[in-house]
$ cat structure-v3.txt   # compact mmCIF, C-alpha atoms
# COMPACT_ATOMS: atom_id res chain seq x y z
CA MET A 1 -138.71 -21.18 -96.33
CA LYS A 2 -140.03 -24.64 -95.57
CA LEU A 3 -137.48 -27.41 -94.99
CA GLU A 4 -137.78 -31.14 -94.32
CA VAL A 5 -135.18 -32.08 -91.72
CA ARG A 6 -134.22 -35.72 -91.24
CA TYR A 7 -132.16 -37.14 -88.38
CA PHE A 8 -130.31 -40.46 -88.22
CA ALA A 9 -128.45 -42.65 -85.74
CA SER A 10 -127.47 -40.84 -82.51
CA VAL A 11 -129.12 -37.60 -83.70
CA ARG A 12 -132.37 -39.48 -84.35
CA GLU A 13 -132.24 -41.02 -80.88
CA ALA A 14 -131.99 -37.53 -79.39
CA LEU A 15 -134.46 -35.64 -81.60
CA GLY A 16 -136.71 -38.15 -83.35
CA SER A 17 -136.69 -39.07 -87.03
CA GLY A 18 -137.24 -35.56 -88.32
CA GLU A 19 -139.36 -32.44 -88.50
CA THR A 20 -140.71 -29.90 -90.93
CA VAL A 21 -139.42 -26.43 -90.12
CA GLU A 22 -140.30 -22.97 -91.39
CA LEU A 23 -137.29 -20.67 -91.13
CA GLU A 24 -134.78 -18.75 -93.21
CA ALA A 25 -131.40 -20.46 -93.62
CA ALA A 26 -128.94 -19.57 -96.40
CA ASP A 27 -127.10 -22.86 -96.17
CA ILE A 28 -126.98 -26.16 -94.29
CA GLY A 29 -124.64 -24.76 -91.63
CA ALA A 30 -127.03 -21.88 -90.93
CA LEU A 31 -129.91 -24.34 -90.56
CA ARG A 32 -127.88 -26.44 -88.14
CA ASP A 33 -127.04 -23.37 -86.06
CA ALA A 34 -130.67 -22.19 -86.06
CA LEU A 35 -131.87 -25.60 -84.84
CA ALA A 36 -129.13 -25.82 -82.20
CA ALA A 37 -130.06 -22.31 -81.00
CA ARG A 38 -133.35 -23.74 -79.69
CA GLY A 39 -131.25 -25.09 -76.83
CA GLY A 40 -131.90 -28.24 -74.81
CA ARG A 41 -131.79 -31.51 -76.72
CA HIS A 42 -131.29 -29.68 -80.03
CA ALA A 43 -128.22 -27.83 -78.74
CA GLU A 44 -126.82 -31.09 -77.38
CA ALA A 45 -127.39 -33.09 -80.58
CA LEU A 46 -126.61 -30.45 -83.22
CA GLY A 47 -124.16 -28.09 -81.49
CA ARG A 48 -120.71 -27.42 -82.88
CA HIS A 49 -119.14 -29.75 -80.30
CA ARG A 50 -120.64 -32.64 -82.31
CA VAL A 51 -119.00 -34.05 -85.43
CA LEU A 52 -121.87 -34.32 -87.90
CA ARG A 53 -122.26 -34.93 -91.62
CA SER A 54 -125.07 -33.59 -93.74
CA ALA A 55 -127.00 -34.24 -96.92
CA LYS A 56 -129.20 -32.07 -99.12
CA ASN A 57 -131.94 -33.82 -101.05
CA ARG A 58 -130.31 -37.16 -100.26
CA VAL A 59 -126.84 -36.27 -101.55
CA LEU A 60 -123.92 -36.04 -99.10
CA CYS A 61 -122.67 -32.45 -99.08
CA PRO A 62 -120.83 -29.92 -96.92
CA GLU A 63 -122.60 -27.37 -94.75
CA SER A 64 -121.65 -24.55 -97.12
CA VAL A 65 -124.24 -25.78 -99.66
CA ALA A 66 -127.10 -23.30 -100.18
CA LEU A 67 -130.71 -24.20 -99.33
CA GLY A 68 -133.97 -23.41 -101.09
CA ASP A 69 -137.65 -23.80 -100.29
CA GLY A 70 -138.73 -27.44 -100.02
CA ASP A 71 -135.26 -28.92 -99.63
CA GLU A 72 -134.73 -32.06 -97.55
CA VAL A 73 -131.74 -31.84 -95.21
CA GLY A 74 -130.27 -34.77 -93.31
CA PHE A 75 -128.05 -34.52 -90.23
CA PHE A 76 -126.15 -37.56 -88.95
CA PRO A 77 -122.84 -38.70 -87.47
CA PRO A 78 -119.99 -39.95 -89.70
CA VAL A 79 -121.10 -43.10 -91.50
CA THR A 80 -120.04 -46.56 -90.32
CA GLY A 81 -121.42 -49.11 -92.78
CA GLY A 82 -119.76 -52.01 -94.53
CA MET B 1 -134.27 -58.68 -117.22
CA ALA B 2 -131.08 -57.43 -115.62
CA ILE B 3 -130.72 -58.08 -111.90
CA ALA B 4 -130.72 -55.13 -109.51
CA ARG B 5 -127.28 -53.74 -108.80
CA VAL B 6 -128.08 -52.55 -105.29
CA SER B 7 -130.22 -54.10 -102.54
CA ILE B 8 -130.71 -52.81 -99.01
CA GLN B 9 -132.53 -55.53 -97.13
CA HIS B 10 -133.20 -57.17 -93.79
CA GLN B 11 -132.92 -60.76 -94.99
CA ASP B 12 -129.68 -62.69 -95.42
CA PHE B 13 -128.14 -63.35 -98.84
CA ASP B 14 -126.79 -66.49 -100.56
CA VAL B 15 -123.33 -65.70 -101.95
CA GLY B 16 -123.37 -68.63 -104.38
CA ALA B 17 -126.74 -67.68 -105.80
CA GLU B 18 -125.65 -64.06 -106.17
CA ILE B 19 -122.49 -65.04 -108.07
CA ALA B 20 -124.50 -67.29 -110.37
CA ALA B 21 -126.97 -64.48 -111.09
CA LEU B 22 -124.14 -62.02 -111.72
CA ARG B 23 -122.51 -64.35 -114.28
CA ALA B 24 -125.69 -65.51 -115.98
CA GLY B 25 -125.85 -64.79 -119.68
CA ASP B 26 -122.39 -63.24 -120.07
CA GLY B 27 -119.83 -65.66 -121.50
CA GLY B 28 -117.24 -62.88 -121.56
CA ILE B 29 -116.88 -63.01 -117.79
CA GLY B 30 -113.67 -64.75 -116.73
CA ALA B 31 -113.31 -63.50 -113.15
CA VAL B 32 -115.53 -62.74 -110.17
CA ALA B 33 -114.15 -61.07 -107.03
CA ILE B 34 -116.29 -60.91 -103.92
CA PHE B 35 -116.09 -59.29 -100.51
CA VAL B 36 -118.33 -60.41 -97.65
CA GLY B 37 -118.39 -58.38 -94.44
CA THR B 38 -119.60 -60.14 -91.27
CA VAL B 39 -120.43 -59.13 -87.69
CA ARG B 40 -117.45 -59.60 -85.35
CA ASP B 41 -118.28 -61.04 -81.94
CA ARG B 42 -115.93 -58.56 -80.22
CA GLY B 43 -115.16 -54.86 -80.40
CA ASP B 44 -113.12 -52.48 -78.23
CA GLY B 45 -112.45 -55.25 -75.71
CA SER B 46 -116.02 -56.35 -75.08
CA THR B 47 -118.19 -59.11 -76.46
CA VAL B 48 -120.66 -58.06 -79.13
CA ALA B 49 -123.94 -59.98 -79.01
CA SER B 50 -125.60 -58.24 -81.95
CA MET B 51 -125.51 -55.18 -84.12
CA GLU B 52 -128.18 -52.75 -85.31
CA LEU B 53 -127.77 -51.20 -88.73
CA GLU B 54 -129.61 -48.06 -89.78
CA HIS B 55 -129.66 -46.37 -93.18
CA TYR B 56 -131.15 -43.35 -94.96
CA PRO B 57 -133.85 -44.83 -97.22
CA GLY B 58 -133.58 -43.48 -100.74
CA MET B 59 -130.22 -41.82 -100.20
CA THR B 60 -128.26 -44.99 -99.41
CA GLU B 61 -129.42 -46.78 -102.56
CA ALA B 62 -128.67 -43.75 -104.76
CA ALA B 63 -125.22 -43.28 -103.21
CA ILE B 64 -124.22 -46.89 -103.90
CA GLU B 65 -125.61 -46.73 -107.46
CA ALA B 66 -123.35 -43.71 -108.04
CA MET B 67 -120.37 -45.63 -106.62
CA ILE B 68 -121.03 -48.50 -109.03
CA ASP B 69 -121.22 -46.00 -111.91
CA ALA B 70 -117.83 -44.67 -110.78
CA ALA B 71 -116.42 -48.22 -110.69
CA PHE B 72 -117.62 -48.88 -114.24
CA ALA B 73 -116.02 -45.60 -115.40
CA ARG B 74 -112.71 -46.44 -113.74
CA PHE B 75 -112.28 -50.20 -114.26
CA ASP B 76 -112.89 -52.60 -117.15
CA ILE B 77 -115.64 -54.59 -115.43
CA ARG B 78 -118.73 -56.34 -116.79
CA ALA B 79 -121.13 -56.55 -113.82
CA ALA B 80 -121.37 -55.50 -110.17
CA ARG B 81 -123.70 -56.25 -107.27
CA VAL B 82 -123.91 -54.74 -103.78
CA ILE B 83 -126.15 -56.07 -101.00
CA HIS B 84 -126.15 -54.42 -97.58
CA ARG B 85 -128.30 -55.62 -94.71
CA VAL B 86 -130.02 -53.40 -92.17
CA GLY B 87 -131.87 -54.07 -88.92
CA VAL B 88 -130.71 -56.33 -86.11
CA LEU B 89 -127.88 -58.75 -86.99
CA ALA B 90 -126.45 -61.37 -84.61
CA ALA B 91 -122.71 -61.91 -84.21
CA GLN B 92 -121.21 -63.83 -87.15
CA GLU B 93 -124.06 -62.95 -89.51
CA GLN B 94 -123.32 -61.58 -92.98
CA ILE B 95 -123.61 -57.78 -93.33
CA VAL B 96 -122.49 -56.81 -96.80
CA LEU B 97 -121.70 -58.36 -100.18
CA VAL B 98 -119.76 -56.68 -102.97
CA ALA B 99 -119.37 -58.83 -106.08
CA VAL B 100 -117.69 -57.68 -109.30
CA ALA B 101 -117.28 -59.60 -112.57
CA SER B 102 -114.77 -58.85 -115.32
CA SER B 103 -112.98 -60.55 -118.19
CA HIS B 104 -109.70 -60.88 -116.25
CA ARG B 105 -109.01 -60.85 -112.54
CA GLY B 106 -107.27 -57.48 -112.12
CA PRO B 107 -110.22 -55.14 -112.65
CA ALA B 108 -112.53 -57.37 -110.57
CA PHE B 109 -110.17 -57.33 -107.57
CA GLN B 110 -109.58 -53.60 -107.88
CA ALA B 111 -113.21 -52.60 -108.37
CA CYS B 112 -114.29 -54.78 -105.45
CA GLU B 113 -111.86 -53.02 -103.10
CA PHE B 114 -112.70 -49.61 -104.56
CA LEU B 115 -116.42 -50.17 -103.95
CA MET B 116 -115.86 -51.27 -100.35
CA ASP B 117 -113.55 -48.32 -99.63
CA TYR B 118 -116.14 -45.98 -101.11
CA LEU B 119 -119.04 -47.59 -99.26
CA LYS B 120 -117.30 -47.42 -95.87
CA THR B 121 -116.97 -43.64 -95.99
CA GLN B 122 -119.74 -42.37 -98.28
CA ALA B 123 -122.78 -44.64 -97.96
CA PRO B 124 -125.17 -43.57 -95.19
CA PHE B 125 -125.24 -46.54 -92.82
CA TRP B 126 -124.75 -46.44 -89.06
CA LYS B 127 -123.83 -49.37 -86.82
CA LYS B 128 -124.74 -49.78 -83.19
CA GLU B 129 -123.12 -52.59 -81.22
CA VAL B 130 -125.06 -54.32 -78.47
CA THR B 131 -122.73 -55.63 -75.74
CA GLY B 132 -123.18 -56.89 -72.20
CA ALA B 133 -122.45 -53.34 -71.03
CA GLY B 134 -125.15 -51.81 -73.21
CA ALA B 135 -125.44 -50.44 -76.73
CA ARG B 136 -123.00 -48.03 -78.35
CA TRP B 137 -122.70 -46.38 -81.75
CA VAL B 138 -119.60 -47.48 -83.63
CA ASP B 139 -117.07 -44.69 -84.28
CA ALA B 140 -115.97 -43.93 -87.83
CA ARG B 141 -112.31 -44.66 -88.53
CA VAL B 142 -109.83 -42.21 -90.05
CA ALA B 143 -108.14 -45.24 -91.67
CA ASP B 144 -111.24 -45.73 -93.83
CA ASP B 145 -110.92 -42.19 -95.22
CA ALA B 146 -107.26 -42.96 -95.97
CA ALA B 147 -108.26 -46.14 -97.79
CA LEU B 148 -110.43 -44.17 -100.21
CA ALA B 149 -107.70 -41.53 -100.62
CA ARG B 150 -105.49 -44.24 -102.18
CA TRP B 151 -107.86 -44.13 -105.17
CA GLY B 152 -107.36 -40.39 -105.50
CA ILE B 153 -110.68 -39.53 -103.84
CA ALA B 154 -110.37 -37.17 -100.87
CA VAL B 155 -113.19 -37.40 -98.35
CA THR B 156 -113.76 -36.34 -94.78
CA ASN B 157 -116.01 -38.74 -92.95
CA ALA B 158 -114.29 -39.66 -89.72
CA GLU B 159 -112.48 -36.37 -89.07
CA ALA B 160 -114.11 -33.17 -87.97
CA PRO B 161 -114.36 -30.55 -90.71
CA PRO B 162 -112.77 -27.15 -90.14
CA PRO B 163 -115.30 -24.76 -88.64
CA PRO B 164 -117.08 -22.87 -91.42
CA PRO B 165 -116.80 -19.09 -91.37
CA ARG B 166 -119.89 -17.62 -89.77
CA PRO B 167 -120.93 -14.01 -90.14
$ encode --input "structure-v3.txt" --output "structure tokens"
Amino acid sequence: MKLEVRYFASVREALGSGETVELEAADIGALRDALAARGGRHAEALGRHRVLRSAKNRVLCPESVALGDGDEVGFFPPVTGG
Amino acid sequence: MAIARVSIQHQDFDVGAEIAALRAGDGGIGAVAIFVGTVRDRGDGSTVASMELEHYPGMTEAAIEAMIDAAFARFDIRAARVIHRVGVLAAQEQIVLVAVASSHRGPAFQACEFLMDYLKTQAPFWKKEVTGAGARWVDARVADDAALARWGIAVTNAEAPPPPPRP
């Protein structure tokens, strides 16, 4: 499936603002693991040692949420606005 | 035409003008509560010269719109306005405005605090402080999750989630 991945804050600084990927991922957590498995900067920014939050199609949601073709997925650190 | 409820913008805002716009045309308003967040000139023991604010275009606006809908469902309020700035802000500049109007003061005070508690933990913004020692991303605070929990809304922003089961 094709997925639009968006990165923000410290993740964006490490990996750029985003990328279009073609891979099979049942849910957000599986996508994160697949990206981290590339190693290098991806492993450092997206690995399980990092506390990250995620969004699907611009709605905050947990990593257990299922993905489908064409979904936009955001990865970012805990939010700090206000 | 009704004014926008949510603005994400680089430019500063005029609190007086925003209150006037919020009240315009509604004689039933008897109370306006506002919160203004500003850039502190210190953080974690060092002097903060400026701050950079990043957001998730499209998502941030929608998230705050949903929070305002939740405030209207929960409190007897008549109007609400949220402005949040992004980009580079110098110390002491204004960051965020939450303004809520109601017939009597109680709902305005409550909804204003509710919206700020919600925004702190659920709106996608990220702050980076620029100090003499360099730039650093601001850490999320567990206390902010606890603030939203007082309203009966459980969230996990600052704390790490339990590891999901993996096959």
$ closest_atom_pairs --input "structure-v3.txt" --of "chain B" --to "chain A" --cutoff "9 Å" --atoms "only C-alpha atoms" --output "JSON lines"
{"residue": "B:Gly37", "atom": "CA", "partner": "A:Gly82", "partner_atom": "CA", "distance": 6.5}
{"residue": "B:Thr38", "atom": "CA", "partner": "A:Gly82", "partner_atom": "CA", "distance": 8.8}
{"residue": "B:Leu53", "atom": "CA", "partner": "A:Gly81", "partner_atom": "CA", "distance": 7.8}
{"residue": "B:Glu54", "atom": "CA", "partner": "A:Ala9", "partner_atom": "CA", "distance": 6.9}
{"residue": "B:His55", "atom": "CA", "partner": "A:Phe8", "partner_atom": "CA", "distance": 7.7}
{"residue": "B:Tyr56", "atom": "CA", "partner": "A:Phe8", "partner_atom": "CA", "distance": 7.4}
{"residue": "B:Pro57", "atom": "CA", "partner": "A:Arg58", "partner_atom": "CA", "distance": 9.0}
{"residue": "B:Gly58", "atom": "CA", "partner": "A:Arg58", "partner_atom": "CA", "distance": 7.1}
{"residue": "B:Met59", "atom": "CA", "partner": "A:Arg58", "partner_atom": "CA", "distance": 4.7}
{"residue": "B:Thr60", "atom": "CA", "partner": "A:Arg58", "partner_atom": "CA", "distance": 8.1}
{"residue": "B:Ala62", "atom": "CA", "partner": "A:Arg58", "partner_atom": "CA", "distance": 8.1}
{"residue": "B:Ala63", "atom": "CA", "partner": "A:Val59", "partner_atom": "CA", "distance": 7.4}
{"residue": "B:His84", "atom": "CA", "partner": "A:Gly82", "partner_atom": "CA", "distance": 7.5}
{"residue": "B:Ile95", "atom": "CA", "partner": "A:Gly82", "partner_atom": "CA", "distance": 7.0}
{"residue": "B:Val96", "atom": "CA", "partner": "A:Gly82", "partner_atom": "CA", "distance": 6.0}
{"residue": "B:Leu97", "atom": "CA", "partner": "A:Gly82", "partner_atom": "CA", "distance": 8.7}
{"residue": "B:Met116", "atom": "CA", "partner": "A:Gly82", "partner_atom": "CA", "distance": 7.0}
{"residue": "B:Asp117", "atom": "CA", "partner": "A:Gly82", "partner_atom": "CA", "distance": 8.8}
{"residue": "B:Leu119", "atom": "CA", "partner": "A:Gly82", "partner_atom": "CA", "distance": 6.5}
{"residue": "B:Lys120", "atom": "CA", "partner": "A:Gly82", "partner_atom": "CA", "distance": 5.4}
{"residue": "B:Thr121", "atom": "CA", "partner": "A:Val79", "partner_atom": "CA", "distance": 6.1}
{"residue": "B:Gln122", "atom": "CA", "partner": "A:Val79", "partner_atom": "CA", "distance": 7.0}
{"residue": "B:Ala123", "atom": "CA", "partner": "A:Val79", "partner_atom": "CA", "distance": 6.9}
{"residue": "B:Pro124", "atom": "CA", "partner": "A:Val79", "partner_atom": "CA", "distance": 5.5}
{"residue": "B:Phe125", "atom": "CA", "partner": "A:Gly81", "partner_atom": "CA", "distance": 4.6}
{"residue": "B:Trp126", "atom": "CA", "partner": "A:Thr80", "partner_atom": "CA", "distance": 4.9}
{"residue": "B:Lys127", "atom": "CA", "partner": "A:Thr80", "partner_atom": "CA", "distance": 5.9}
{"residue": "B:Lys128", "atom": "CA", "partner": "A:Ala9", "partner_atom": "CA", "distance": 8.4}
{"residue": "B:Trp137", "atom": "CA", "partner": "A:Ser10", "partner_atom": "CA", "distance": 7.3}
{"residue": "B:Val138", "atom": "CA", "partner": "A:Thr80", "partner_atom": "CA", "distance": 6.8}
{"residue": "B:Asp139", "atom": "CA", "partner": "A:Thr80", "partner_atom": "CA", "distance": 7.0}
{"residue": "B:Ala140", "atom": "CA", "partner": "A:Thr80", "partner_atom": "CA", "distance": 5.4}
{"residue": "B:Arg141", "atom": "CA", "partner": "A:Thr80", "partner_atom": "CA", "distance": 8.2}
{"residue": "B:Thr156", "atom": "CA", "partner": "A:Pro78", "partner_atom": "CA", "distance": 8.8}
{"residue": "B:Asn157", "atom": "CA", "partner": "A:Pro78", "partner_atom": "CA", "distance": 5.3}
{"residue": "B:Ala158", "atom": "CA", "partner": "A:Pro78", "partner_atom": "CA", "distance": 5.7}
{"residue": "B:Glu159", "atom": "CA", "partner": "A:Val51", "partner_atom": "CA", "distance": 7.8}
{"residue": "B:Ala160", "atom": "CA", "partner": "A:Val51", "partner_atom": "CA", "distance": 5.6}
{"residue": "B:Pro161", "atom": "CA", "partner": "A:Val51", "partner_atom": "CA", "distance": 7.9}
{"residue": "B:Pro163", "atom": "CA", "partner": "A:Arg48", "partner_atom": "CA", "distance": 8.3}
{"residue": "B:Pro164", "atom": "CA", "partner": "A:Ser64", "partner_atom": "CA", "distance": 7.5}
{"residue": "B:Arg166", "atom": "CA", "partner": "A:Ala30", "partner_atom": "CA", "distance": 8.4}
$ atom_distance --input "structure-v3.txt" --atom1 "atom CA of B:Ser46" --atom2 "atom CA of B:Ala133"
8.2 Å
$ atom_distance --input "structure-v3.txt" --atom1 "atom CA of A:Leu23" --atom2 "atom CA of A:Leu3"
7.8 Å
$ closest_residue --input "structure-v3.txt" --among "B:Arg5, B:Gly87, B:Ile34, B:Gly27" --to "B:Ile68" --atoms "all atoms listed in the file"
B:Arg5
$ residues_around --input "structure-v3.txt" --residues "B:Cys112" --least-positions-apart "6" --cutoff "9 Å" --atoms "only C-alpha atoms" --output "list in words"
Ala33, Ile34, Phe35, Ala71, Ala80, Val98, Ala99 and Val100 of chain B
$ atom_distance --input "structure-v3.txt" --atom1 "atom CA of A:Ala43" --atom2 "atom CA of A:Arg12"
13.6 Å
$ residues_around --input "structure-v3.txt" --residues "A:His42" --least-positions-apart "4" --cutoff "12 Å" --atoms "only C-alpha atoms" --output "list in words"
Tyr7, Val11, Arg12, Glu13, Ala14, Leu15, Gly16, Gly18, Leu31, Arg32, Asp33, Ala34, Leu35, Ala36, Ala37, Arg38, Leu46, Gly47, Arg48, Arg50 and Phe75 of chain A
$ residues_around --input "structure-v3.txt" --residues "B:Phe13" --least-positions-apart "4" --cutoff "8 Å" --atoms "all atoms listed in the file" --output "VMD selection string"
chain B and resid 18 83 94
$ axis_aligned_box --input "structure-v3.txt" --around "stretch 17-26 of chain A" --padding-each-side "8 Å" --output "lines of an AutoDock Vina configuration file"
center_x = -134.8
center_y = -28.9
center_z = -91.7
size_x = 27.8
size_y = 36.3
size_z = 25.4
$ residues_around --input "structure-v3.txt" --residues "B:Glu93" --least-positions-apart "5" --cutoff "12 Å" --atoms "all atoms listed in the file" --output "number ranges by chain"
B: 10-14, 36-41, 48-52, 84-88
$ write_last_selection --input "structure-v3.txt" --atoms "C-alpha atoms" --output "compact mmCIF listing (two decimals), in the frame of the given file"
# COMPACT_ATOMS: atom_id res chain seq x y z
CA HIS B 10 -133.20 -57.17 -93.79
CA GLN B 11 -132.92 -60.76 -94.99
CA ASP B 12 -129.68 -62.69 -95.42
CA PHE B 13 -128.14 -63.35 -98.84
CA ASP B 14 -126.79 -66.49 -100.56
CA VAL B 36 -118.33 -60.41 -97.65
CA GLY B 37 -118.39 -58.38 -94.44
CA THR B 38 -119.60 -60.14 -91.27
CA VAL B 39 -120.43 -59.13 -87.69
CA ARG B 40 -117.45 -59.60 -85.35
CA ASP B 41 -118.28 -61.04 -81.94
CA VAL B 48 -120.66 -58.06 -79.13
CA ALA B 49 -123.94 -59.98 -79.01
CA SER B 50 -125.60 -58.24 -81.95
CA MET B 51 -125.51 -55.18 -84.12
CA GLU B 52 -128.18 -52.75 -85.31
CA HIS B 84 -126.15 -54.42 -97.58
CA ARG B 85 -128.30 -55.62 -94.71
CA VAL B 86 -130.02 -53.40 -92.17
CA GLY B 87 -131.87 -54.07 -88.92
CA VAL B 88 -130.71 -56.33 -86.11
$ decode --input "structure-v3.txt" --residues "stretch 24-40 of chain A" --atoms "N, CA and C atoms" --output "mmCIF file, in the first residue's frame"
data_model
loop_
_atom_site.group_PDB
_atom_site.id
_atom_site.type_symbol
_atom_site.label_atom_id
_atom_site.label_comp_id
_atom_site.auth_asym_id
_atom_site.auth_seq_id
_atom_site.Cartn_x
_atom_site.Cartn_y
_atom_site.Cartn_z
ATOM 1 N N GLU A 24 3.690 -2.706 3.108
ATOM 2 C CA GLU A 24 2.513 -3.256 3.771
ATOM 3 C C GLU A 24 2.655 -3.058 5.276
ATOM 4 N N ALA A 25 1.684 -2.377 5.888
ATOM 5 C CA ALA A 25 1.692 -2.173 7.333
ATOM 6 C C ALA A 25 0.244 -2.236 7.815
ATOM 7 N N ALA A 26 -0.038 -3.166 8.727
ATOM 8 C CA ALA A 26 -1.407 -3.362 9.205
ATOM 9 C C ALA A 26 -1.885 -2.165 10.021
ATOM 10 N N ASP A 27 -0.966 -1.610 10.807
ATOM 11 C CA ASP A 27 -1.352 -0.482 11.648
ATOM 12 C C ASP A 27 -0.191 0.511 11.767
ATOM 13 N N ILE A 28 -0.430 1.586 12.509
ATOM 14 C CA ILE A 28 0.572 2.644 12.618
ATOM 15 C C ILE A 28 1.855 2.119 13.261
ATOM 16 N N GLY A 29 1.697 1.276 14.283
ATOM 17 C CA GLY A 29 2.864 0.716 14.967
ATOM 18 C C GLY A 29 3.727 -0.117 14.022
ATOM 19 N N ALA A 30 3.064 -0.878 13.147
ATOM 20 C CA ALA A 30 3.807 -1.710 12.188
ATOM 21 C C ALA A 30 4.558 -0.833 11.191
ATOM 22 N N LEU A 31 3.947 0.284 10.798
ATOM 23 C CA LEU A 31 4.617 1.222 9.892
ATOM 24 C C LEU A 31 5.849 1.818 10.567
ATOM 25 N N ARG A 32 5.669 2.227 11.822
ATOM 26 C CA ARG A 32 6.798 2.797 12.568
ATOM 27 C C ARG A 32 7.952 1.797 12.639
ATOM 28 N N ASP A 33 7.629 0.551 12.963
ATOM 29 C CA ASP A 33 8.675 -0.475 13.078
ATOM 30 C C ASP A 33 9.360 -0.728 11.733
ATOM 31 N N ALA A 34 8.556 -0.721 10.659
ATOM 32 C CA ALA A 34 9.126 -0.966 9.318
ATOM 33 C C ALA A 34 10.079 0.171 8.934
ATOM 34 N N LEU A 35 9.712 1.395 9.263
ATOM 35 C CA LEU A 35 10.575 2.540 8.945
ATOM 36 C C LEU A 35 11.841 2.513 9.798
ATOM 37 N N ALA A 36 11.673 2.187 11.093
ATOM 38 C CA ALA A 36 12.834 2.133 11.991
ATOM 39 C C ALA A 36 13.793 1.022 11.580
ATOM 40 N N ALA A 37 13.249 -0.044 10.975
ATOM 41 C CA ALA A 37 14.068 -1.200 10.581
ATOM 42 C C ALA A 37 15.040 -0.864 9.456
ATOM 43 N N ARG A 38 14.855 0.315 8.825
ATOM 44 C CA ARG A 38 15.830 0.738 7.809
ATOM 45 C C ARG A 38 17.193 1.028 8.445
ATOM 46 N N GLY A 39 17.163 1.263 9.758
ATOM 47 C CA GLY A 39 18.417 1.542 10.462
ATOM 48 C C GLY A 39 18.823 2.995 10.348
ATOM 49 N N GLY A 40 20.033 3.309 10.790
ATOM 50 C CA GLY A 40 20.583 4.660 10.674
ATOM 51 C C GLY A 40 19.717 5.717 11.326
#
